[in-house]
Protein chains: 2
Amino acid sequence: MEKAFKALASNPRRRILNHLAGGPMTVGEIAAQFDMAMPSISKHISVLHDAGLLHRQKRGQEVIYSIAADNLANSLYSFLTPFCPEAREIAAERKLSSEDSTDGD
Amino acid sequence: MEKAFKALASNPRRRILNHLAGGPMTVGEIAAQFDMAMPSISKHISVLHDAGLLHRQKRGQEVIYSIAADNLANSLYSFLTPFCPEAREIAAERKLSSEDSTDGD
DNA sequence: CTTGCATTTAGATATTTTCCTACTTAGGAA
DNA sequence: TTCCTAAGTAGGAAAATATCTAAATGCAAG
C-alpha cells in the first residue's frame with residue numbers, strides 16, 4: 001500500500017492512469033501524450049507497475065500496459081476502511097467476490 | 001487532489017490519520033505516538049490539514065485535530081471514478097447528499 | 001549477421017522532501 | 001510582569017525523486 005500511495009502521489013503518473021482508462025496502450029502510445037523523454041515515462045510506468053497498479057503484457061517488441069483496476073480499488077478502499085463505513089462494506093464485498101489473495105502491506 | 005495524494009504518500013502521515021480514526025486529538029497526543037521531534041509531527045499535520053484532510057479546532061493553547069472524513073473519501077472516490085463503476089455510483093451519491101445537507105466544516 | 005525500432009538501464013544533476021535543532025508565538029497561571 | 005507549556009516557524013543537512021542524455025537490451029525483418 002505504501003507503494004501504491006507513493007505511485008499515486010505524482011501528477012504524471014495519475015495522468016498515465018487516466019490515459020490507460022481508455023484501454024490498454026504501449027509505452028510509446030502513452031509517451032506520445034507527454035512532453036517528457038521516453039525514459040522518464042518508462043520509469044513512471046515501472047513505478048506504477050511495481051505498485052501493482054498496472055498489468056504488463058508483451059507483444060513482439062512492444063510492451064502493453066493496462067490498469068489493474070482491482071488492485072487500485074482495493075488499495076484505496078482498504079485504506080479508507082477505518083474512516084468510512086461505506087468503504088468498509090465495499091471492501092468486504094470485494095474481498096468476498098475475489099478470493100485471489102493479492103497484496104498485503 | 002494533488003495535495004491529498006501527496007499528503008497520503010507518507011507513512012507517518014497515514015499513521016497520523018489512523019490514530020485520529022480513534023477520535024480527535026491534540027498535536028501533543030499525536031506526537032506521543034511517534035519517535036519523532038515535535039516540529040516534524042507538526043509539519044506532517046499541517047500538510048494533512050493543508051490538503052483538507054484534517055479539521056482544526058483550538059482549545060486554549062491546545063490545537064485539536066480530527067479527520068475530515070468526507071474530504072478524504074471524496075478525494076479517493078472521485079479519483080477512482082474513471083476506473084471503477086462502483087466508485088462512480090458512490091461518488092455520485094456522496095455528491096448528492098452533500099448538496100442536500102450543507103454541513104459546513 | 002546486421003539493421004532498425006521499442007523499451008529499459010545507467011549515470012549525472014537539479015529539485016523536493018524529510019527531519020533535526022534552535023527560536024518564536026500564544027495562552028494560561030502565579 | 002514573569003514563568004511554563006503547547007504549537008508552529010526558520011534554517012539547514014541528508015535522503016529521496018524527477019528528469020535528462022547516452023548506452024544497452026530485446027525482438028523482428030532483411
# chains A, B, ... in the order shown; residues from 1 in each chain; ligands from 1
>>> closest_atom_pairs(of="chain B", to="chain D", cutoff="8 Å", atoms="only C-alpha atoms (C1' of nucleotides)", output="Markdown table")
| residue | atom | partner | partner_atom | distance |
| --- | --- | --- | --- | --- |
| B:Val27 | CA | D:DA7 | C1' | 7.5 |
| B:Gly28 | CA | D:DA6 | C1' | 7.5 |
| B:Pro39 | CA | D:DG8 | C1' | 7.4 |
| B:Ser42 | CA | D:DG8 | C1' | 7.2 |
| B:Gln61 | CA | D:DA6 | C1' | 5.9 |
| B:Glu62 | CA | D:DA6 | C1' | 5.8 |
| B:Val63 | CA | D:DA7 | C1' | 7.4 |
>>> interface_residues(of="chain B", to="chain A", cutoff="7 Å", atoms="only C-alpha atoms", output="list in words")
Phe5, Lys6, Leu8, Ala9, Ala21, Ala69, Ala73, Leu76, Leu80, Pro82, Phe83 and Cys84 of chain B
>>> write_last_selection(atoms="C-alpha atoms", output="mmCIF file, in the first residue's frame")
data_model
loop_
_atom_site.group_PDB
_atom_site.id
_atom_site.type_symbol
_atom_site.label_atom_id
_atom_site.label_comp_id
_atom_site.auth_asym_id
_atom_site.auth_seq_id
_atom_site.Cartn_x
_atom_site.Cartn_y
_atom_site.Cartn_z
ATOM 1 C CA PHE B 5 -2.357 12.346 -2.739
ATOM 2 C CA LYS B 6 0.944 13.950 -1.808
ATOM 3 C CA LEU B 8 -1.187 10.398 1.716
ATOM 4 C CA ALA B 9 2.120 9.322 0.202
ATOM 5 C CA ALA B 21 -9.541 7.427 13.415
ATOM 6 C CA ALA B 69 -13.541 12.004 6.524
ATOM 7 C CA ALA B 73 -13.435 9.822 0.971
ATOM 8 C CA LEU B 76 -10.372 8.962 -3.310
ATOM 9 C CA LEU B 80 -11.402 6.143 -8.673
ATOM 10 C CA PRO B 82 -12.781 6.693 -14.196
ATOM 11 C CA PHE B 83 -11.575 3.223 -13.309
ATOM 12 C CA CYS B 84 -14.288 1.659 -11.274
#
>>> interface_residues(of="chain C", to="chain A", cutoff="9 Å", atoms="only C-alpha atoms (C1' of nucleotides)", output="list in words")
DC5, DA6, DT7 and DT8 of chain C
>>> calpha_fit_rmsd(fixed="chain A", moving="chain B")
3.0 Å
>>> atom_distance(atom1="C1' of DC19 in chain C", atom2="CA of Leu53 in chain B")
22.2 Å
>>> select_by_dssp(residues="range 34-104 of chain B", states="strand (DSSP E or B)", output="number ranges by chain")
B: 54-59, 62-67
>>> select_by_dssp(residues="range 3-68 of chain B", states="alpha helix (DSSP H)", output="PyMOL selection string")
chain B and resi 3-8+11-20+27-31+38-50
